[in-house]
file upload.cif (mmCIF, C-alpha atoms)
data_coords
loop_
_atom_site.label_atom_id
_atom_site.label_comp_id
_atom_site.auth_asym_id
_atom_site.auth_seq_id
_atom_site.Cartn_x
_atom_site.Cartn_y
_atom_site.Cartn_z
CA MET A 5 51.60 57.58 142.56
CA SER A 6 48.10 58.80 141.82
CA PRO A 7 45.90 55.98 140.47
CA LYS A 8 43.76 54.36 143.17
CA LYS A 9 41.06 52.73 141.05
CA ILE A 10 40.25 49.08 141.34
CA LEU A 11 40.45 47.07 138.16
CA PRO A 12 39.17 46.77 135.55
CA ILE A 13 40.44 50.10 134.19
CA PRO A 14 40.19 50.51 130.39
CA GLY A 15 43.53 50.09 128.71
CA VAL A 16 45.43 49.13 131.87
CA LEU A 17 45.25 45.39 131.44
CA GLU A 18 46.59 45.69 127.92
CA ALA A 19 49.43 47.96 129.07
CA LEU A 20 50.45 45.54 131.79
CA ASN A 21 50.21 42.47 129.60
CA PRO A 22 53.74 41.03 129.48
CA PHE A 23 52.86 38.62 126.70
CA LYS A 24 52.38 41.47 124.22
CA VAL A 25 55.84 42.91 124.80
CA LYS A 26 58.62 41.56 122.63
CA LYS A 27 61.79 43.36 123.51
CA GLN A 28 65.42 42.39 123.07
CA ARG A 29 67.75 43.79 125.69
CA ILE A 30 71.27 43.18 126.88
CA MET A 31 70.79 41.77 130.37
CA ASN A 32 74.25 40.31 130.99
CA PHE A 33 76.76 42.12 128.84
CA ASN A 34 80.10 40.42 128.35
CA PRO A 35 82.45 42.45 126.13
CA ALA A 36 84.62 39.39 125.55
CA ILE A 37 81.88 37.54 123.67
CA SER A 38 79.42 40.28 122.69
CA VAL A 39 79.31 42.56 119.68
CA THR A 40 80.43 45.95 121.01
CA THR A 41 80.01 48.15 117.91
CA ARG A 42 76.62 49.56 117.03
CA LYS A 43 75.08 49.96 113.62
CA THR A 44 75.99 53.28 112.04
CA ALA A 45 73.14 55.78 111.94
CA ALA A 46 72.22 56.98 108.47
CA VAL A 47 71.87 60.61 109.56
CA ALA A 48 73.41 62.39 112.54
CA LYS A 49 71.73 65.56 113.85
CA ILE A 50 74.23 68.06 115.23
CA ASN A 51 72.94 70.88 117.41
CA VAL A 52 75.38 73.52 118.76
CA PHE A 53 74.97 76.18 121.44
CA ASP A 54 77.87 78.64 121.55
CA TYR A 55 77.44 81.08 124.40
CA ASP A 56 78.78 83.32 127.11
CA ALA A 57 77.09 85.52 129.69
CA ASN A 58 76.11 88.14 127.08
CA GLU A 59 75.33 86.22 123.91
CA CYS A 60 74.17 82.79 122.76
CA THR A 61 73.98 81.41 119.24
CA GLU A 62 72.16 78.20 118.34
CA SER A 63 72.96 76.30 115.15
CA MET A 64 71.89 73.11 113.41
CA LEU A 65 74.84 71.64 111.52
CA SER A 66 74.79 69.13 108.69
CA SER A 67 78.32 67.70 108.96
CA ALA A 68 81.08 67.08 111.49
CA GLU A 69 83.42 69.50 109.71
CA GLU A 70 81.15 72.41 110.64
CA THR A 71 81.89 71.79 114.33
CA PHE A 72 85.66 72.25 113.92
CA PRO A 73 85.70 76.05 114.50
CA TYR A 74 84.14 75.54 117.94
CA ALA A 75 87.28 73.75 119.12
CA GLU A 76 88.99 77.16 119.23
CA SER A 77 86.01 79.22 120.30
CA PRO A 78 86.66 81.52 123.28
CA ARG A 79 83.09 80.98 124.41
CA ILE A 80 81.50 77.82 125.83
CA SER A 81 80.27 75.40 123.17
CA TRP A 82 77.80 72.59 123.67
CA ILE A 83 77.79 70.20 120.71
CA ASN A 84 75.01 67.64 120.85
CA ILE A 85 75.12 64.77 118.33
CA ASP A 86 71.88 62.79 117.93
CA GLY A 87 72.40 59.51 116.07
CA LEU A 88 75.87 57.98 116.05
CA ASN A 89 77.49 57.88 112.64
CA LYS A 90 80.91 56.26 112.88
CA ASP A 91 82.61 58.55 110.38
CA GLU A 92 81.14 61.71 111.89
CA VAL A 93 82.07 60.65 115.43
CA HIS A 94 85.62 59.85 114.33
CA LYS A 95 86.07 63.27 112.71
CA ILE A 96 84.78 65.09 115.79
CA CYS A 97 86.91 63.03 118.17
CA GLU A 98 89.99 63.62 116.04
CA ARG A 99 89.45 67.37 115.88
CA PHE A 100 88.69 67.81 119.60
CA ASN A 101 91.59 65.54 120.70
CA ILE A 102 89.34 62.86 122.17
CA HIS A 103 91.32 59.69 122.80
CA PRO A 104 90.59 56.68 120.53
CA LEU A 105 89.66 54.61 123.60
CA LEU A 106 86.92 57.10 124.41
CA GLU A 107 85.80 57.07 120.79
CA GLU A 108 85.49 53.29 121.04
CA ASP A 109 83.36 53.64 124.17
CA ILE A 110 81.12 56.18 122.46
CA LEU A 111 80.44 53.82 119.55
CA SER A 112 80.07 50.70 121.69
CA ILE A 113 76.83 49.25 123.05
CA GLY A 114 75.81 47.85 126.40
CA GLN A 115 78.44 49.77 128.32
CA ARG A 116 78.28 50.13 132.09
CA ALA A 117 78.08 53.71 133.37
CA LYS A 118 81.57 55.04 134.01
CA MET A 119 83.85 58.08 134.17
CA ASP A 120 87.33 58.37 132.61
CA GLU A 121 90.02 61.02 132.45
CA ILE A 122 92.22 60.63 129.39
CA GLY A 123 94.32 63.42 127.98
CA GLU A 124 92.66 66.80 128.22
CA CYS A 125 89.14 65.40 128.43
CA LEU A 126 86.84 64.15 131.14
CA PHE A 127 84.50 61.46 129.84
CA CYS A 128 81.15 60.34 131.28
CA LEU A 129 79.02 57.49 129.95
CA LEU A 130 75.64 56.75 131.51
CA PRO A 131 72.11 55.63 130.58
CA MET A 132 69.28 58.01 129.81
CA MET A 133 66.13 56.26 131.04
CA TYR A 134 62.60 56.47 129.65
CA PHE A 135 59.29 54.85 130.55
CA ASN A 136 57.13 53.64 127.66
CA CYS A 137 53.57 54.11 128.88
CA GLU A 138 52.11 52.09 125.99
CA THR A 139 53.99 48.91 126.87
CA SER A 140 54.79 49.72 130.53
CA THR A 141 58.46 48.99 129.88
CA VAL A 142 61.64 50.76 130.94
CA GLU A 143 63.80 51.79 128.00
CA GLN A 144 67.32 53.17 128.05
CA GLU A 145 69.61 55.09 125.76
CA GLN A 146 73.38 55.28 126.14
CA VAL A 147 74.65 58.85 126.44
CA SER A 148 78.31 59.89 126.28
CA ILE A 149 79.44 63.29 127.54
CA VAL A 150 82.92 64.68 126.87
CA LEU A 151 84.06 67.70 128.88
CA GLY A 152 86.88 69.78 127.44
CA LYS A 153 88.42 73.14 128.26
CA ASN A 154 85.71 75.28 126.66
CA PHE A 155 83.37 72.69 125.23
CA VAL A 156 81.01 69.87 126.11
CA ILE A 157 80.15 67.25 123.50
CA SER A 158 77.23 64.90 124.09
CA PHE A 159 76.59 61.81 121.96
CA GLN A 160 73.13 60.24 121.91
CA GLU A 161 71.81 57.10 120.25
CA ASP A 162 68.22 58.12 119.56
CA PRO A 163 67.69 61.38 117.64
CA SER A 164 63.94 61.35 118.31
CA ARG A 165 64.02 62.03 122.07
CA ASP A 166 66.11 63.26 124.98
CA VAL A 167 65.65 65.09 128.29
CA PHE A 168 67.82 68.12 127.50
CA ASP A 169 65.10 70.54 126.39
CA PRO A 170 64.99 72.38 129.78
CA ILE A 171 68.73 73.07 129.45
CA ARG A 172 68.24 74.40 125.93
CA ASP A 173 65.51 76.70 127.24
CA LYS A 174 67.81 78.00 129.99
CA LEU A 175 70.59 78.68 127.49
CA ARG A 176 68.22 80.90 125.53
CA ILE A 177 67.67 83.07 128.64
CA ASN A 178 70.31 85.76 129.14
CA THR A 179 70.02 85.83 132.92
CA SER A 180 70.20 82.08 133.51
CA ARG A 181 72.95 80.74 135.78
CA ILE A 182 74.11 78.25 133.16
CA ARG A 183 75.01 81.13 130.81
CA SER A 184 77.39 82.60 133.37
CA GLY A 185 78.97 79.24 134.24
CA GLY A 186 81.77 77.38 132.55
CA ALA A 187 81.86 74.13 130.61
CA ASP A 188 82.02 72.15 133.87
CA TYR A 189 78.74 73.72 135.00
CA LEU A 190 77.17 72.73 131.69
CA CYS A 191 78.42 69.17 132.22
CA TYR A 192 76.87 69.21 135.69
CA SER A 193 73.56 70.43 134.24
CA LEU A 194 73.46 67.58 131.71
CA LEU A 195 74.20 64.95 134.36
CA ASP A 196 71.73 66.51 136.77
CA ILE A 197 68.80 66.46 134.35
CA ILE A 198 69.56 62.87 133.33
CA VAL A 199 69.54 61.77 136.97
CA ASP A 200 66.41 63.81 137.73
CA ASN A 201 64.63 62.01 134.90
CA TYR A 202 65.33 58.74 136.74
CA PHE A 203 62.81 59.88 139.34
CA VAL A 204 60.20 60.37 136.60
CA VAL A 205 60.68 56.73 135.57
CA LEU A 206 60.51 55.66 139.21
CA ASP A 207 57.20 57.50 139.63
CA LYS A 208 55.76 55.55 136.70
CA LEU A 209 57.02 52.28 138.17
CA GLY A 210 55.50 53.26 141.52
CA GLU A 211 52.12 53.81 139.85
CA ARG A 212 52.32 50.32 138.32
CA ILE A 213 53.22 48.82 141.68
CA GLU A 214 50.19 50.44 143.32
CA LEU A 215 48.03 49.20 140.49
CA MET A 216 49.40 45.69 140.92
CA GLU A 217 48.54 45.78 144.63
CA ASP A 218 44.87 46.28 143.71
CA MET A 219 45.09 43.52 141.11
CA VAL A 220 46.60 41.08 143.62
CA GLN A 221 43.80 41.75 146.09
CA HIS A 222 40.96 41.46 143.60
CA GLN A 223 42.31 39.28 140.78
CA PRO A 224 44.81 36.77 142.22
CA ASN A 225 45.16 34.63 139.09
CA THR A 226 47.99 33.39 136.90
CA ARG A 227 47.89 36.45 134.63
CA THR A 228 48.36 38.68 137.66
CA LEU A 229 51.41 36.62 138.66
CA ALA A 230 52.81 37.01 135.13
CA ARG A 231 52.36 40.77 135.35
CA ILE A 232 54.12 40.85 138.72
CA ASN A 233 57.07 38.95 137.26
CA PHE A 234 57.12 41.31 134.29
CA LEU A 235 57.11 44.35 136.58
CA ARG A 236 59.88 42.80 138.68
CA ARG A 237 62.08 42.43 135.60
CA GLU A 238 61.52 46.09 134.67
CA VAL A 239 62.45 47.27 138.16
CA LEU A 240 65.57 45.10 138.14
CA LEU A 241 66.53 46.39 134.68
CA PHE A 242 66.20 49.96 135.91
CA LYS A 243 68.17 49.22 139.08
CA ARG A 244 70.95 47.48 137.13
CA ALA A 245 71.24 50.41 134.71
CA ILE A 246 71.46 53.25 137.23
CA ALA A 247 73.49 51.58 140.00
CA PRO A 248 76.93 52.35 138.40
CA VAL A 249 76.03 56.04 137.98
CA ARG A 250 76.85 56.47 141.66
CA GLU A 251 80.41 55.34 140.98
CA LEU A 252 80.58 57.75 138.03
CA LEU A 253 79.75 60.70 140.27
CA ASN A 254 82.11 59.45 142.95
CA GLY A 255 84.85 59.54 140.33
CA ILE A 256 84.03 63.13 139.43
CA LEU A 257 84.03 64.20 143.08
CA LYS A 258 87.43 62.57 143.63
CA SER A 259 88.87 63.94 140.39
CA GLU A 260 91.61 66.55 140.52
CA SER A 261 91.14 67.56 136.90
CA ASP A 262 91.77 71.18 136.00
CA LEU A 263 88.55 71.08 134.00
CA LEU A 264 86.52 71.06 137.23
CA GLU A 265 86.45 74.22 139.31
CA ASP A 266 86.12 73.93 143.07
CA ARG A 267 82.99 76.05 143.13
CA VAL A 268 81.22 73.58 140.79
CA THR A 269 82.12 70.51 142.87
CA LYS A 270 79.26 71.19 145.30
CA TYR A 271 76.83 70.93 142.39
CA PHE A 272 78.14 67.51 141.46
CA LYS A 273 77.77 66.58 145.14
CA ASP A 274 74.08 67.44 144.83
CA VAL A 275 73.73 65.09 141.82
CA HIS A 276 75.55 62.43 143.83
CA ASP A 277 72.97 62.81 146.61
CA HIS A 278 70.17 62.47 144.05
CA ILE A 279 71.54 59.24 142.60
CA ILE A 280 71.88 57.79 146.11
CA GLN A 281 68.21 58.60 146.74
CA CYS A 282 67.30 57.11 143.39
CA ASN A 283 69.16 53.88 144.15
CA ASP A 284 67.51 53.63 147.55
CA LEU A 285 64.08 54.17 146.03
CA ALA A 286 64.78 51.56 143.37
CA ASP A 287 65.75 49.12 146.13
CA ASN A 288 62.48 49.88 147.92
CA TYR A 289 60.49 49.26 144.75
CA ARG A 290 62.31 45.99 144.21
CA ASP A 291 61.34 44.91 147.74
CA MET A 292 57.76 46.04 147.14
CA VAL A 293 57.53 43.88 144.01
CA LEU A 294 58.89 40.91 145.94
CA ASN A 295 56.24 41.61 148.59
CA LEU A 296 53.66 41.61 145.81
CA GLN A 297 54.69 38.07 144.93
CA GLU A 298 54.32 37.02 148.56
CA MET A 299 50.97 38.81 148.74
CA TYR A 300 49.85 36.97 145.61
CA HIS A 301 50.68 33.58 147.14
CA THR A 302 48.98 34.63 150.38
CA GLN A 303 45.82 35.67 148.54
CA LEU A 304 45.93 32.46 146.55
CA ASN A 305 46.22 30.39 149.74
CA LEU A 306 43.37 32.33 151.34
CA LYS A 307 41.21 31.75 148.30
CA LEU A 308 42.06 28.05 148.34
CA ASN A 309 41.31 27.87 152.06
CA GLU A 310 37.92 29.48 151.49
CA ILE A 311 37.13 26.95 148.79
CA MET A 312 38.23 24.07 150.99
CA LYS A 313 36.19 25.49 153.87
CA VAL A 314 33.03 25.61 151.74
CA LEU A 315 33.62 22.10 150.46
CA ALA A 316 34.22 20.82 154.00
CA VAL A 317 31.01 22.44 155.27
CA VAL A 318 28.99 21.01 152.38
CA THR A 319 30.50 17.57 152.94
CA THR A 320 29.77 17.74 156.66
CA LEU A 321 26.19 18.82 156.05
CA MET A 322 25.59 16.03 153.60
CA ALA A 323 27.21 13.30 155.74
CA PRO A 324 24.21 12.56 158.09
CA LEU A 325 21.76 12.86 155.21
CA THR A 326 23.83 10.40 153.20
CA LEU A 327 23.92 8.06 156.21
CA ILE A 328 20.14 8.11 156.62
CA ALA A 329 19.57 7.64 152.89
CA GLY A 330 22.09 4.79 152.88
CA ILE A 331 20.44 2.99 155.79
CA TYR A 332 16.97 3.08 154.30
CA GLY A 333 18.30 2.28 150.90
CA MET A 334 19.33 -1.23 152.00
CA ASN A 335 17.21 -4.08 150.61
CA PHE A 336 16.51 -5.97 153.85
CA LYS A 337 13.00 -7.40 154.32
CA ASN A 338 12.90 -7.00 158.11
CA MET A 339 12.94 -3.17 158.27
CA PRO A 340 9.86 -2.09 160.28
CA GLU A 341 10.06 1.57 159.09
CA LEU A 342 9.44 0.47 155.52
CA GLU A 343 5.88 -0.45 156.44
CA VAL A 344 5.02 2.94 157.94
CA PRO A 345 2.50 4.65 155.61
CA ASN A 346 4.16 8.11 155.89
CA GLY A 347 7.73 6.84 156.37
CA TYR A 348 9.02 8.58 153.24
CA PHE A 349 7.82 12.00 154.39
CA ILE A 350 8.94 11.41 157.97
CA THR A 351 12.44 10.54 156.73
CA LEU A 352 12.65 13.62 154.49
CA GLY A 353 11.41 15.80 157.35
CA SER A 354 13.98 14.35 159.73
CA MET A 355 16.72 14.95 157.21
CA ALA A 356 15.57 18.58 156.75
CA VAL A 357 15.47 19.17 160.51
CA ILE A 358 18.97 17.73 160.94
CA LEU A 359 20.26 19.91 158.07
CA ILE A 360 18.71 23.08 159.57
CA ILE A 361 20.09 22.36 163.04
CA MET A 362 23.59 21.76 161.64
CA ILE A 363 23.48 24.99 159.62
CA TRP A 364 22.36 26.92 162.72
CA VAL A 365 25.16 25.43 164.83
CA PHE A 366 27.80 26.13 162.16
CA ARG A 367 26.73 29.74 161.75
CA LYS A 368 26.59 30.27 165.52
CA ARG A 369 30.17 29.05 165.78
CA GLY A 370 31.20 31.33 162.89
CA TRP A 371 32.40 28.52 160.67
CA PHE A 372 30.88 30.13 157.58
#
call {"tool": "encode", "arguments": {"input": "upload.cif", "output": "C-alpha cells"}}
result
Amino acid sequence: MSPKKILPIPGVLEALNPFKVKKQRIMNFNPAISVTTRKTAAVAKINVFDYDANECTESMLSSAEETFPYAESPRISWINIDGLNKDEVHKICERFNIHPLLEEDILSIGQRAKMDEIGECLFCLLPMMYFNCETSTVEQEQVSIVLGKNFVISFQEDPSRDVFDPIRDKLRINTSRIRSGGADYLCYSLLDIIVDNYFVVLDKLGERIELMEDMVQHQPNTRTLARINFLRREVLLFKRAIAPVRELLNGILKSESDLLEDRVTKYFKDVHDHIIQCNDLADNYRDMVLNLQEMYHTQLNLKLNEIMKVLAVVTTLMAPLTLIAGIYGMNFKNMPELEVPNGYFITLGSMAVILIIMIWVFRKRGWF
C-alpha cells in the first residue's frame, strides 16, 4: 500500500474510471439454468515435468496421447494443460482413470471452489486470481488440480498466464524440497502459490482503497462515488471467489485418502491458515470500502454545510442594507431625509459602517 499522492495523478483517473470497463462476469451462478460447458480451446498447451530427487525432465507435448506413458511412470509427473480442449481433456481423463463427473467439472464454467475424492483421485477446483492494473479490475481463472498416486494434473483456462513459474523454477533445482517430495507435496505447492497470489491481488486492492480515501477527501463528487461503487464490486467479487477455498482446504485436512501422507498434512494446514488470513483481510477491505461510502456522504454534507453557511452569512449581511434601501426607496412625499443635501452619501456611509461592524462581529464569533 505505497501510493500516498493526492490526486490528480496521471493515468490514475482513467484506471479507476468504471464507465470505461465493460466486463461480463458470472455473479450469481445457477447450474440449473446456466450454460455449464465452456467453448473448446483451439489449441491446448501441455507442459510436463517428470522428476525424482536425482533427475528432472521437462517436456512440451503437442497431443494428449503423448501424456499416456506418464500414467505408469515410477517418478512424479506434473502435467499442466493450458487451454481446455474437450477432446484432449477427455483422452487424458480416460487414460488416468479420472471419473467422468470430475471431467465434467473440469470443463464446466462458473464453478464454486471445492474438493472431491472419487475413485483413486483427489480433485481440487479453485479460482486463480489476477489484478488487471490497466482497468483496475479483479479477474479470475478456474483451475482444476487432480492428484493421483504418482502424478498431478492441472487444467487451466488461459494459456497466456499463470502463477506457477516459481514452482517450475524449483523443479529445475536438484536440491529443492519439492524434488524430494511426493505428488501430494506438489499438490500442496500448487495450492499454496495460488493462495499466496491472493495476497498480491489484495495488495493492489488496498492501494486503490488508499487512493480512493484521498479522492474522497479532495474530490467528493459523483464520479468519486461511482468509483467507490466500482471498487466495492471488485472487492465483493474477490471475496465471493475465494471464500469457498477455505472449505476446500478443510476437506483436504479432514481427508483420509491414501494419496496424502501425514507428514504433508501440516503443509496443507499452513495453506489453510493463509486462506483464513486472506478471507479476514478481504472482509476488512470490504468494510473499508463501505466506510469510504460513508466518508463520501460525510464530506458531501460538510461541503453542503459550508455552502449553506456562506449563503446564510451573505444573506444576513445584506438584510439590514436591503432594509435601509427599501425604506428610502419608498415614494412618500413626507420623508424629511430626502431633502438633506448629502443624504445619499450619508446613507451609503451608514450602510458601509453597518456592514463592517457585522463582519467584525461575525469573525470575532468564529462564524466564518
call {"tool": "resolve_selection", "arguments": {"input": "upload.cif", "expression": "the PyMOL selection byres ((chain A and resi 200) around 12)", "output": "MDAnalysis selection string"}}
result
chainID A and resid 132:134 167:168 170 192:199 201:207 246 274:282
call {"tool": "residues_around", "arguments": {"input": "upload.cif", "residues": "Asn233 of chain A", "least_positions_apart": "5", "cutoff": "10 Å", "atoms": "all atoms listed in the file", "output": "ChimeraX atom specification"}}
result
/A:22,227-228,238-239,293-294,296-297
call {"tool": "resolve_selection", "arguments": {"input": "upload.cif", "expression": "the PyMOL selection byres ((chain A and resi 119) around 12)", "output": "PyMOL selection string"}}
result
chain A and resi 106+109+115-118+120-122+125-130+148-151+195+248-259
call {"tool": "closest_residue", "arguments": {"input": "upload.cif", "among": "A:Asp91, A:Lys208, A:Met355, A:Gly152", "to": "Glu138 of chain A", "atoms": "only C-alpha atoms"}}
result
A:Lys208
call {"tool": "atom_distance", "arguments": {"input": "upload.cif", "atom1": "atom CA of Phe135 of chain A", "atom2": "atom CA of Thr226 of chain A"}}
result
25.1 Å
call {"tool": "resolve_selection", "arguments": {"input": "upload.cif", "expression": "the PyMOL selection byres ((chain A and resi 67-70) around 12)", "output": "PyMOL selection string"}}
result
chain A and resi 47-52+63-66+71-75+83-85+88-100
call {"tool": "residues_around", "arguments": {"input": "upload.cif", "residues": "segment 321-337 of chain A", "least_positions_apart": "4", "cutoff": "12 Å", "atoms": "all atoms listed in the file", "output": "ChimeraX atom specification"}}
result
/A:314-317,341-343,347-348,350-366
call {"tool": "closest_residue", "arguments": {"input": "upload.cif", "among": "A:Leu190, A:Leu304, A:Met216, A:Met292", "to": "Lys174 of chain A", "atoms": "only C-alpha atoms"}}
result
A:Leu190
call {"tool": "atom_distance", "arguments": {"input": "upload.cif", "atom1": "atom CA of Asn225 of chain A", "atom2": "atom CA of Glu211 of chain A"}}
result
20.4 Å
call {"tool": "atom_distance", "arguments": {"input": "upload.cif", "atom1": "atom CA of Val268 of chain A", "atom2": "atom CA of Glu107 of chain A"}}
result
26.3 Å
call {"tool": "closest_residue", "arguments": {"input": "upload.cif", "among": "A:Leu240, A:Met299, A:Leu105, A:Ala187", "to": "Asp218 of chain A", "atoms": "all atoms listed in the file"}}
result
A:Met299
call {"tool": "closest_residue", "arguments": {"input": "upload.cif", "among": "A:Ala286, A:Met339, A:Ile171, A:Val318", "to": "Ala245 of chain A", "atoms": "only C-alpha atoms"}}
result
A:Ala286
